[in-house]
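Here's start_14.cif, which has mmCIF, C-alpha atoms:
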data_input
loop_
_atom_site.label_atom_id
_atom_site.label_comp_id
_atom_site.auth_asym_id
_atom_site.auth_seq_id
_atom_site.Cartn_x
_atom_site.Cartn_y
_atom_site.Cartn_z
CA MET J 1 -77.18 -53.12 138.14
CA THR J 2 -75.99 -56.72 138.26
CA ASP J 3 -75.89 -58.57 141.56
CA ARG J 4 -72.56 -59.38 143.20
CA LYS J 5 -71.62 -62.69 144.81
CA VAL J 6 -70.66 -62.05 148.42
CA LYS J 7 -67.97 -64.24 149.99
CA MET J 8 -68.46 -65.41 153.54
CA ASN J 9 -64.94 -64.41 154.55
CA GLY J 10 -64.80 -61.31 152.30
CA PRO J 11 -64.78 -57.65 153.26
CA PRO J 12 -67.26 -56.38 155.88
CA ARG J 13 -70.74 -55.81 154.44
CA GLY J 14 -73.61 -53.73 155.65
CA LYS J 15 -74.81 -50.21 155.03
CA VAL J 16 -73.32 -46.81 155.59
CA ASN J 17 -75.21 -44.56 157.99
CA LYS J 18 -77.90 -42.21 156.73
CA ASP J 19 -75.67 -39.13 156.70
CA GLN J 20 -72.96 -40.91 154.71
CA LYS J 21 -75.55 -42.30 152.31
CA ALA J 22 -77.06 -38.84 151.85
CA VAL J 23 -73.61 -37.42 151.10
CA LEU J 24 -72.91 -40.08 148.45
CA GLU J 25 -76.29 -39.49 146.83
CA MET J 26 -75.93 -35.69 146.85
CA GLU J 27 -72.41 -35.69 145.45
CA ARG J 28 -72.88 -38.63 143.06
CA GLU J 29 -72.88 -36.55 139.85
CA PHE J 30 -69.75 -34.70 140.96
CA LEU J 31 -67.91 -37.88 141.94
CA LEU J 32 -68.81 -39.66 138.68
CA GLY J 33 -66.81 -37.09 136.71
CA GLU J 34 -64.04 -36.56 139.28
CA LEU J 35 -62.86 -40.05 140.31
CA ASP J 36 -60.72 -42.67 138.57
CA CYS J 37 -61.19 -46.30 139.66
CA LYS J 38 -57.79 -47.24 138.28
CA HIS J 39 -56.21 -45.72 141.41
CA LEU J 40 -58.99 -45.99 143.99
CA VAL J 41 -59.87 -49.72 143.71
CA PRO J 42 -56.32 -51.05 144.46
CA SER J 43 -56.04 -48.75 147.48
CA LEU J 44 -59.43 -49.86 148.90
CA ARG J 45 -58.48 -53.50 148.29
CA SER J 46 -55.27 -53.01 150.26
CA LYS J 47 -57.33 -51.64 153.16
CA GLY J 48 -59.57 -54.76 153.09
CA PHE J 49 -62.82 -53.06 152.06
CA LEU J 50 -62.96 -54.51 148.51
CA ASP J 51 -62.11 -57.95 147.10
CA ASP J 52 -61.75 -59.63 143.70
CA THR J 53 -65.52 -59.91 143.29
CA ASP J 54 -65.97 -56.19 143.93
CA GLU J 55 -63.18 -55.33 141.49
CA ASP J 56 -64.69 -57.54 138.75
CA TYR J 57 -68.09 -55.96 139.40
CA ILE J 58 -66.65 -52.43 139.18
CA ARG J 59 -64.42 -52.90 136.14
CA GLY J 60 -66.77 -55.24 134.24
CA ALA J 61 -65.86 -58.05 131.86
CA GLU J 62 -62.41 -57.28 130.38
CA GLY J 63 -62.74 -53.69 131.60
CA ARG J 64 -65.41 -52.78 129.03
CA HIS J 65 -67.23 -50.35 131.31
CA THR J 66 -66.62 -46.66 130.80
CA ARG J 67 -64.95 -44.57 133.48
CA ILE J 68 -68.28 -43.06 134.59
CA GLU J 69 -69.90 -46.51 134.81
CA GLN J 70 -66.96 -47.80 136.87
CA ASN J 71 -67.21 -44.80 139.19
CA GLY J 72 -70.96 -45.46 139.68
CA ARG J 73 -70.34 -49.11 140.56
CA LEU J 74 -67.59 -48.04 142.99
CA LEU J 75 -70.02 -45.69 144.76
CA ASP J 76 -72.59 -48.53 144.92
CA ALA J 77 -69.94 -50.74 146.53
CA ILE J 78 -69.14 -48.03 149.09
CA MET J 79 -72.84 -47.63 149.96
CA ASP J 80 -73.03 -51.43 150.49
CA SER J 81 -70.05 -51.23 152.84
CA THR J 82 -69.92 -50.10 156.47
CA PRO J 83 -69.34 -46.64 157.99
CA ALA J 84 -65.71 -47.70 158.36
CA GLY J 85 -65.69 -48.36 154.61
CA PHE J 86 -66.92 -44.82 153.96
CA LYS J 87 -64.16 -43.57 156.29
CA ALA J 88 -61.58 -45.59 154.34
CA PHE J 89 -62.98 -44.12 151.12
CA LEU J 90 -62.38 -40.56 152.44
CA GLU J 91 -58.87 -41.46 153.58
CA THR J 92 -58.13 -42.93 150.14
CA LEU J 93 -59.28 -39.72 148.45
CA ARG J 94 -56.93 -37.72 150.64
CA GLU J 95 -54.00 -40.10 150.10
CA LEU J 96 -54.44 -40.03 146.31
CA ASN J 97 -54.59 -36.21 146.22
CA TYR J 98 -58.30 -35.92 145.37
CA ASP J 99 -58.30 -32.82 147.54
CA GLN J 100 -61.36 -31.18 146.04
CA ALA J 101 -63.48 -34.33 146.30
CA HIS J 102 -62.25 -34.96 149.86
CA ARG J 103 -63.08 -31.42 151.02
CA ARG J 104 -66.43 -31.44 149.27
CA LEU J 105 -67.54 -34.74 150.83
CA ARG J 106 -66.43 -33.65 154.29
CA GLN J 107 -68.20 -30.31 153.91
CA THR J 108 -71.41 -32.00 152.80
CA LEU J 109 -71.12 -34.49 155.64
CA LEU J 110 -70.73 -31.67 158.15
CA GLU J 111 -73.77 -29.93 156.72
CA GLN J 112 -75.80 -33.07 157.39
CA GLY J 113 -75.04 -32.65 161.10
CA ASN J 114 -73.33 -34.89 163.62
CA SER J 115 -73.96 -36.39 167.01
CA SER J 116 -72.28 -33.54 168.91
CA GLY J 117 -74.96 -31.04 167.85
CA ILE J 118 -72.35 -28.43 166.82
CA ASP J 119 -72.73 -26.62 163.52
CA MET J 120 -69.31 -27.36 161.98
CA ARG J 121 -69.99 -25.03 159.09
CA GLN J 122 -69.43 -22.07 161.42
CA VAL J 123 -65.89 -23.35 161.96
CA THR J 124 -65.00 -24.48 158.47
CA MET J 125 -66.61 -21.72 156.39
CA PRO J 126 -64.28 -18.97 157.74
CA ILE J 127 -61.37 -21.19 156.74
CA LEU J 128 -62.77 -21.64 153.25
CA SER J 129 -63.48 -17.90 152.96
CA SER J 130 -59.97 -17.13 154.19
CA ARG J 131 -58.59 -19.39 151.49
CA GLY J 132 -60.59 -17.49 148.90
CA LEU J 133 -59.35 -14.24 150.38
CA SER J 134 -55.77 -15.50 150.33
CA THR J 135 -56.21 -16.42 146.70
CA SER J 136 -57.45 -12.93 145.77
CA VAL J 137 -54.71 -11.31 147.84
CA GLY J 138 -52.16 -13.61 146.23
CA ARG J 139 -53.33 -12.47 142.78
CA ALA J 140 -53.15 -8.81 143.78
CA GLY J 141 -49.71 -9.39 145.31
CA LEU J 142 -48.22 -10.23 141.93
CA ALA J 143 -47.85 -6.54 141.28
CA LEU J 144 -46.49 -5.67 144.74
CA SER J 145 -43.02 -5.63 146.21
CA ARG J 146 -41.13 -8.75 147.24
CA SER J 147 -41.43 -8.01 150.99
CA SER J 148 -45.25 -7.69 150.83
CA GLN J 149 -45.52 -10.96 148.93
CA THR J 150 -43.36 -12.67 151.57
CA ASP J 151 -45.66 -11.44 154.38
CA CYS J 152 -48.72 -12.62 152.47
CA HIS J 153 -47.09 -16.00 151.94
CA ASN J 154 -46.38 -16.29 155.67
CA PHE J 155 -50.04 -15.59 156.51
CA GLN J 156 -51.12 -18.11 153.88
CA THR J 157 -48.82 -20.71 155.48
CA GLN J 158 -50.33 -20.05 158.91
CA ILE J 159 -53.85 -20.42 157.50
CA ASP J 160 -52.89 -23.66 155.77
CA ASP J 161 -51.44 -24.99 159.02
CA LEU J 162 -54.63 -24.11 160.90
CA SER J 163 -56.69 -25.68 158.12
CA ASP J 164 -54.68 -28.87 158.46
CA ARG J 165 -55.26 -28.81 162.21
CA VAL J 166 -59.00 -28.34 161.65
CA GLY J 167 -58.97 -31.20 159.17
CA GLY J 168 -57.15 -33.39 161.70
CA CYS J 169 -59.69 -32.55 164.36
CA GLU J 170 -62.51 -33.37 161.97
CA ASP J 171 -60.85 -36.67 161.14
CA ARG J 172 -60.63 -37.47 164.82
CA VAL J 173 -64.30 -36.51 165.31
CA ASP J 174 -65.28 -38.77 162.39
CA ASP J 175 -63.17 -41.55 163.86
CA LEU J 176 -64.93 -41.18 167.19
CA GLU J 177 -68.32 -41.14 165.50
CA SER J 178 -67.42 -44.33 163.67
CA ARG J 179 -66.39 -45.95 166.94
CA VAL J 180 -69.62 -44.83 168.58
CA GLU J 181 -71.63 -46.43 165.78
CA THR J 182 -69.60 -49.65 166.12
CA LEU J 183 -70.11 -49.75 169.87
CA GLU J 184 -73.88 -49.57 169.37
CA LEU J 185 -73.69 -53.22 168.28
CA HIS J 186 -72.37 -54.29 171.71
CA GLU J 187 -74.14 -54.42 175.05
CA SER J 188 -75.93 -51.33 176.30
CA ASP J 189 -73.85 -50.83 179.45
CA GLN J 190 -70.55 -50.89 177.55
CA LYS J 191 -72.04 -48.67 174.87
CA ASN J 192 -73.14 -46.00 177.37
CA ALA J 193 -69.73 -45.86 179.07
CA THR J 194 -67.84 -45.71 175.79
CA VAL J 195 -70.20 -43.13 174.35
CA GLN J 196 -69.73 -40.95 177.45
CA ARG J 197 -65.93 -41.06 177.09
CA ASN J 198 -66.14 -40.36 173.39
CA GLN J 199 -68.58 -37.53 174.06
CA GLU J 200 -66.09 -35.96 176.42
CA ARG J 201 -63.37 -36.26 173.81
CA ILE J 202 -65.69 -34.71 171.24
CA GLU J 203 -66.35 -31.80 173.59
CA THR J 204 -62.59 -31.36 174.05
CA LEU J 205 -62.06 -31.37 170.31
CA THR J 206 -64.93 -28.94 169.91
CA GLU J 207 -63.27 -26.51 172.30
CA GLU J 208 -60.06 -26.83 170.28
CA LEU J 209 -62.00 -26.15 167.12
CA ILE J 210 -63.52 -23.02 168.68
CA LYS J 211 -60.03 -21.80 169.65
CA THR J 212 -58.85 -22.52 166.15
CA ARG J 213 -61.77 -20.52 164.78
CA GLN J 214 -60.79 -17.57 166.97
CA GLU J 215 -57.21 -17.84 165.72
CA VAL J 216 -58.46 -17.87 162.16
CA LYS J 217 -60.54 -14.73 162.82
CA ARG J 218 -57.49 -13.00 164.22
CA ILE J 219 -55.46 -13.92 161.17
CA GLU J 220 -58.32 -12.74 158.95
CA ALA J 221 -58.23 -9.36 160.69
CA GLU J 222 -54.49 -9.14 160.08
CA LYS J 223 -55.04 -10.19 156.49
CA SER J 224 -57.68 -7.46 156.13
CA GLU J 225 -55.13 -4.87 157.24
CA MET J 226 -52.61 -6.35 154.84
CA LYS J 227 -55.22 -6.20 152.09
CA GLU J 228 -55.74 -2.47 152.71
CA GLU J 229 -51.99 -1.91 152.54
CA PHE J 230 -51.82 -3.98 149.37
CA GLN J 231 -54.71 -1.98 147.91
CA ALA J 232 -52.93 1.31 148.63
CA GLU J 233 -49.76 -0.05 147.06
CA ASN J 234 -51.79 -1.26 144.11
CA ASP J 235 -53.30 2.21 143.68
CA ARG J 236 -49.85 3.76 143.66
CA LEU J 237 -48.68 1.23 141.12
CA SER J 238 -51.79 1.88 138.99
CA GLU J 239 -51.09 5.60 138.99
CA ARG J 240 -47.48 4.93 138.08
CA LEU J 241 -48.64 2.56 135.34
CA SER J 242 -50.93 5.26 133.96
CA LYS J 243 -48.05 7.74 133.78
CA THR J 244 -45.85 5.11 132.19
CA SER J 245 -48.58 4.40 129.62
CA ASP J 246 -48.70 8.10 128.69
CA GLU J 247 -44.92 8.15 128.30
CA VAL J 248 -45.07 5.01 126.19
CA GLU J 249 -47.72 6.54 123.92
CA GLU J 250 -45.59 9.67 123.50
CA LYS J 251 -42.57 7.52 122.65
CA ILE J 252 -44.67 5.53 120.18
CA LYS J 253 -45.68 8.77 118.43
CA LYS J 254 -42.05 9.87 118.37
CA ILE J 255 -41.05 6.51 116.92
CA ALA J 256 -43.73 6.92 114.23
CA ARG J 257 -42.28 10.33 113.28
CA LEU J 258 -38.79 8.88 113.19
CA GLU J 259 -40.03 6.05 110.99
CA LYS J 260 -41.45 8.58 108.51
CA GLN J 261 -38.12 10.43 108.51
CA ILE J 262 -36.32 7.16 107.98
CA GLU J 263 -38.58 6.35 105.02
CA ALA J 264 -37.83 9.77 103.50
CA LEU J 265 -34.09 9.20 104.04
CA LYS J 266 -34.39 5.78 102.44
CA THR J 267 -36.08 7.31 99.38
CA GLU J 268 -33.37 9.98 99.12
CA ASN J 269 -30.73 7.31 99.62
CA GLU J 270 -32.18 5.31 96.73
CA LYS J 271 -32.00 8.37 94.47
CA LEU J 272 -28.41 9.07 95.52
CA ARG J 273 -27.57 5.42 94.93
CA GLU J 274 -28.98 5.61 91.39
CA GLU J 275 -26.97 8.78 90.70
CA LEU J 276 -23.88 7.12 92.14
CA ASN J 277 -24.39 4.13 89.87
CA GLU J 278 -24.63 6.47 86.87
CA LEU J 279 -21.42 8.21 87.98
CA HIS J 280 -19.74 4.83 88.36
CA GLU J 281 -20.75 3.96 84.80
CA LYS J 282 -19.40 7.28 83.52
CA VAL J 283 -16.15 6.83 85.48
CA SER J 284 -15.79 3.31 84.10
CA GLN J 285 -16.29 4.62 80.55
CA SER J 286 -13.78 7.44 81.17
CA ARG J 287 -11.28 4.93 82.52
CA ARG J 288 -11.68 2.82 79.38
CA GLU J 289 -11.11 5.94 77.21
CA VAL J 290 -8.07 6.90 79.31
CA ARG J 291 -6.67 3.40 78.92
CA ASP J 292 -7.15 3.63 75.12
CA VAL J 293 -5.43 7.05 74.96
CA THR J 294 -2.66 5.81 77.23
CA ARG J 295 -2.15 2.78 75.04
CA LYS J 296 -1.97 5.01 71.90
CA MET J 297 0.47 7.38 73.66
CA GLU J 298 2.65 4.43 74.62
CA GLN J 299 2.62 3.24 71.03
CA GLY J 300 3.58 6.79 69.80
CA GLN J 301 6.26 7.00 72.45
CA ARG J 302 7.70 3.67 71.34
CA MET J 303 7.68 4.91 67.71
CA LEU J 304 9.42 8.17 68.75
CA ASN J 305 11.96 6.22 70.78
CA GLU J 306 12.63 3.97 67.77
CA ARG J 307 12.97 7.01 65.46
CA ASP J 308 15.34 8.72 67.94
CA ARG J 309 17.37 5.56 68.23
CA LYS J 310 17.71 5.29 64.45
CA ALA J 311 18.58 9.01 64.19
CA GLN J 312 21.19 8.58 66.92
CA LEU J 313 22.67 5.62 65.08
CA GLU J 314 22.81 7.70 61.88
CA ARG J 315 24.45 10.62 63.71
CA ASP J 316 26.98 8.26 65.29
CA GLU J 317 27.72 6.79 61.85
CA ASP J 318 28.14 10.32 60.35
CA ARG J 319 30.50 11.27 63.18
CA ARG J 320 32.60 8.19 62.56
CA CYS J 321 32.74 8.99 58.81
CA ILE J 322 33.69 12.63 59.46
CA HIS J 323 36.44 11.62 61.91
CA SER J 324 37.74 9.15 59.35
CA LEU J 325 37.79 11.83 56.57
CA VAL J 326 39.53 14.34 58.87
CA ASP J 327 42.17 11.76 59.73
CA ASN J 328 42.69 11.03 56.00
CA VAL J 329 43.01 14.76 55.18
CA ASN J 330 45.56 15.25 57.95
CA ASN J 331 47.61 12.35 56.67
CA LEU J 332 47.50 13.71 53.08
CA GLN J 333 48.55 17.16 54.31
CA LYS J 334 51.54 15.69 56.10
CA GLN J 335 52.48 13.72 53.00
CA VAL J 336 52.19 16.86 50.79
CA THR J 337 54.30 18.86 53.22
CA GLN J 338 56.98 16.19 53.17
CA LEU J 339 56.92 16.06 49.37
CA VAL J 340 57.22 19.85 49.08
CA SER J 341 60.17 19.85 51.46
CA GLN J 342 61.89 17.16 49.52
CA GLN J 343 61.42 18.97 46.18
CA ALA J 344 62.67 22.22 47.63
CA SER J 345 65.78 20.54 48.85
CA ARG J 346 66.49 19.04 45.47
CA ARG J 347 66.01 22.35 43.68
CA ASN J 348 68.29 24.20 46.00
CA ARG J 349 71.00 21.76 45.35
CA ALA J 350 70.45 21.83 41.59
CA PHE J 351 70.05 25.61 40.96
CA ARG J 352 71.82 28.62 42.19
CA PRO J 353 71.97 28.99 45.75
CA ASN J 354 70.53 32.45 46.07
CA MET J 355 67.99 32.33 43.40
CA GLY J 356 67.20 28.90 44.23
CA ARG J 357 66.66 29.67 47.91
CA ARG J 358 64.37 32.59 47.08
CA ALA J 359 62.35 30.68 44.60
CA ALA J 360 62.11 27.76 46.94
CA THR J 361 60.87 30.01 49.71
CA GLU J 362 58.19 31.50 47.52
CA GLU J 363 57.11 28.10 46.27
CA THR J 364 57.03 26.71 49.81
CA GLY J 365 54.89 29.59 50.95
CA SER J 366 52.54 29.11 48.08
CA MET J 367 52.20 25.39 48.75
CA ALA J 368 51.67 26.04 52.42
CA VAL J 369 48.81 28.40 51.62
CA ASN J 370 47.27 25.89 49.26
CA GLY J 371 47.60 23.13 51.83
CA HIS J 372 45.92 25.26 54.50
CA ASN J 373 43.01 26.00 52.24
CA PHE J 374 42.61 22.35 51.39
CA GLN J 375 42.62 21.38 55.10
CA HIS J 376 39.98 24.01 55.81
CA LYS J 377 37.84 22.60 53.07
#
When written as structure tokens, how does the structure in this file appear?
Amino acid sequence: MTDRKVKMNGPPRGKVNKDQKAVLEMEREFLLGELDCKHLVPSLRSKGFLDDTDEDYIRGAEGRHTRIEQNGRLLDAIMDSTPAGFKAFLETLRELNYDQAHRRLRQTLLEQGNSSGIDMRQVTMPILSSRGLSTSVGRAGLALSRSSQTDCHNFQTQIDDLSDRVGGCEDRVDDLESRVETLELHESDQKNATVQRNQERIETLTEELIKTRQEVKRIEAEKSEMKEEFQAENDRLSERLSKTSDEVEEKIKKIARLEKQIEALKTENEKLREELNELHEKVSQSRREVRDVTRKMEQGQRMLNERDRKAQLERDEDRRCIHSLVDNVNNLQKQVTQLVSQQASRRNRAFRPNMGRRAATEETGSMAVNGHNFQHK
């Protein structure tokens, strides 16, 4: 490790106390992998416990040190600081949300013992165990009703509040310890008086911690009852889940049977579709044949219509010819009748009246008969 140049008017230098040093040495491996100097160094500089020289020493030339190397140099700088510097380091961890590192250092520091002679682990361990219990209960509560989860959350909030109060008391105890260590540098008479007052305050805080511990135990008892209720509810839900699983398995089997039936129907549907396609082909062929026959019938019908039309025209022409012949015959008959009448008149005037009239009558009758026969023909 390279030496650092210490400024005369720089941050306070010295050594942390033996408990703080022991904590840093015990938790060094953990802190090397947990911390990030990018956030911690600026905060400690703002508090006046690091300067430019310390920052250059920690980061290295052009920041070439790795993160673990920088964290190691930061811990070395803290160990070369004062107890107040260690206190500022803890506060910085809490401010920058290094909650796990902060709790772990404080727990280790409490395990090293303090000037009050009280075993702080007896106060803090129930809180830690209650947090573990709250975590397990919180996991079990995921399957419970909304009202049970709300009650569990309320208990968790109360425990967190008490934990914060315990943490505040511990911070105040640490602050008092730091002041006691600072006062040791002054005259003995002032030190004794100040230590006595701080000792009284420590005793007061200790009593508050004991009350807090009792409150935590009470809440733990309530949480134990809640846990039993949650366990009973969980058992009911497990039984219900088992029944639901059986129903689901039965439905899965039924679905499998239905799928087999569907496959059979699909196969039959494919066969019917093939037959339908064959029928469609036959129908199409029949339609083409029907269209051909229809077209031939239409052609025959047109030929018949043309033949009928020509026959009708011929019949109409024959009728006109017959009517014309009949008209001509009628005209000839009239002319013959007139001629016969004229000849009869002449003969009557030329021959004897009687004989002539008789002969004329006979001749007229004969001509009339001949004319009637001709008209009939």
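Here atom CA of J:Arg59 stands at a distance of 26.5 Å from atom CA of J:Arg106.
Atom CA of J:Arg94 is found 13.6 Å from atom CA of J:Asp36.
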Return as a ChimeraX atom specification the set of residues that the PyMOL selection byres ((chain J and resi 101) around 10) yields on the displayed structure. /J:27,30-31,34-35,90,93-94,97-100,102-107
Keeping only C-alpha atoms, write the selected residues as a PDB file, in the coordinates of the input.
ATOM      1  CA  GLU J  27     -72.410 -35.690 145.450  1.00  0.00           C
ATOM      2  CA  PHE J  30     -69.750 -34.700 140.960  1.00  0.00           C
ATOM      3  CA  LEU J  31     -67.910 -37.880 141.940  1.00  0.00           C
ATOM      4  CA  GLU J  34     -64.040 -36.560 139.280  1.00  0.00           C
ATOM      5  CA  LEU J  35     -62.860 -40.050 140.310  1.00  0.00           C
ATOM      6  CA  LEU J  90     -62.380 -40.560 152.440  1.00  0.00           C
ATOM      7  CA  LEU J  93     -59.280 -39.720 148.450  1.00  0.00           C
ATOM      8  CA  ARG J  94     -56.930 -37.720 150.640  1.00  0.00           C
ATOM      9  CA  ASN J  97     -54.590 -36.210 146.220  1.00  0.00           C
ATOM     10  CA  TYR J  98     -58.300 -35.920 145.370  1.00  0.00           C
ATOM     11  CA  ASP J  99     -58.300 -32.820 147.540  1.00  0.00           C
ATOM     12  CA  GLN J 100     -61.360 -31.180 146.040  1.00  0.00           C
ATOM     13  CA  HIS J 102     -62.250 -34.960 149.860  1.00  0.00           C
ATOM     14  CA  ARG J 103     -63.080 -31.420 151.020  1.00  0.00           C
ATOM     15  CA  ARG J 104     -66.430 -31.440 149.270  1.00  0.00           C
ATOM     16  CA  LEU J 105     -67.540 -34.740 150.830  1.00  0.00           C
ATOM     17  CA  ARG J 106     -66.430 -33.650 154.290  1.00  0.00           C
ATOM     18  CA  GLN J 107     -68.200 -30.310 153.910  1.00  0.00           C
TER      19      GLN J 107
END
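Interatomic distance, atom CA of J:Arg319 against atom CA of J:Arg302: 25.4 Å.
The list of residues with at least one atom within 10 Å of J:Arg45, based on all atoms listed in the file and without residues fewer than 4 positions apart in the same chain, reads Pro11, Leu40, Val41, Phe49, Leu50, Asp51, Asp52, Asp54 and Glu55 of chain J.
Counting all atoms listed in the file, the residue from J:Lys296, J:Lys243, J:Lys21, J:His280 that sits nearest to J:Ala77 is J:Lys21.
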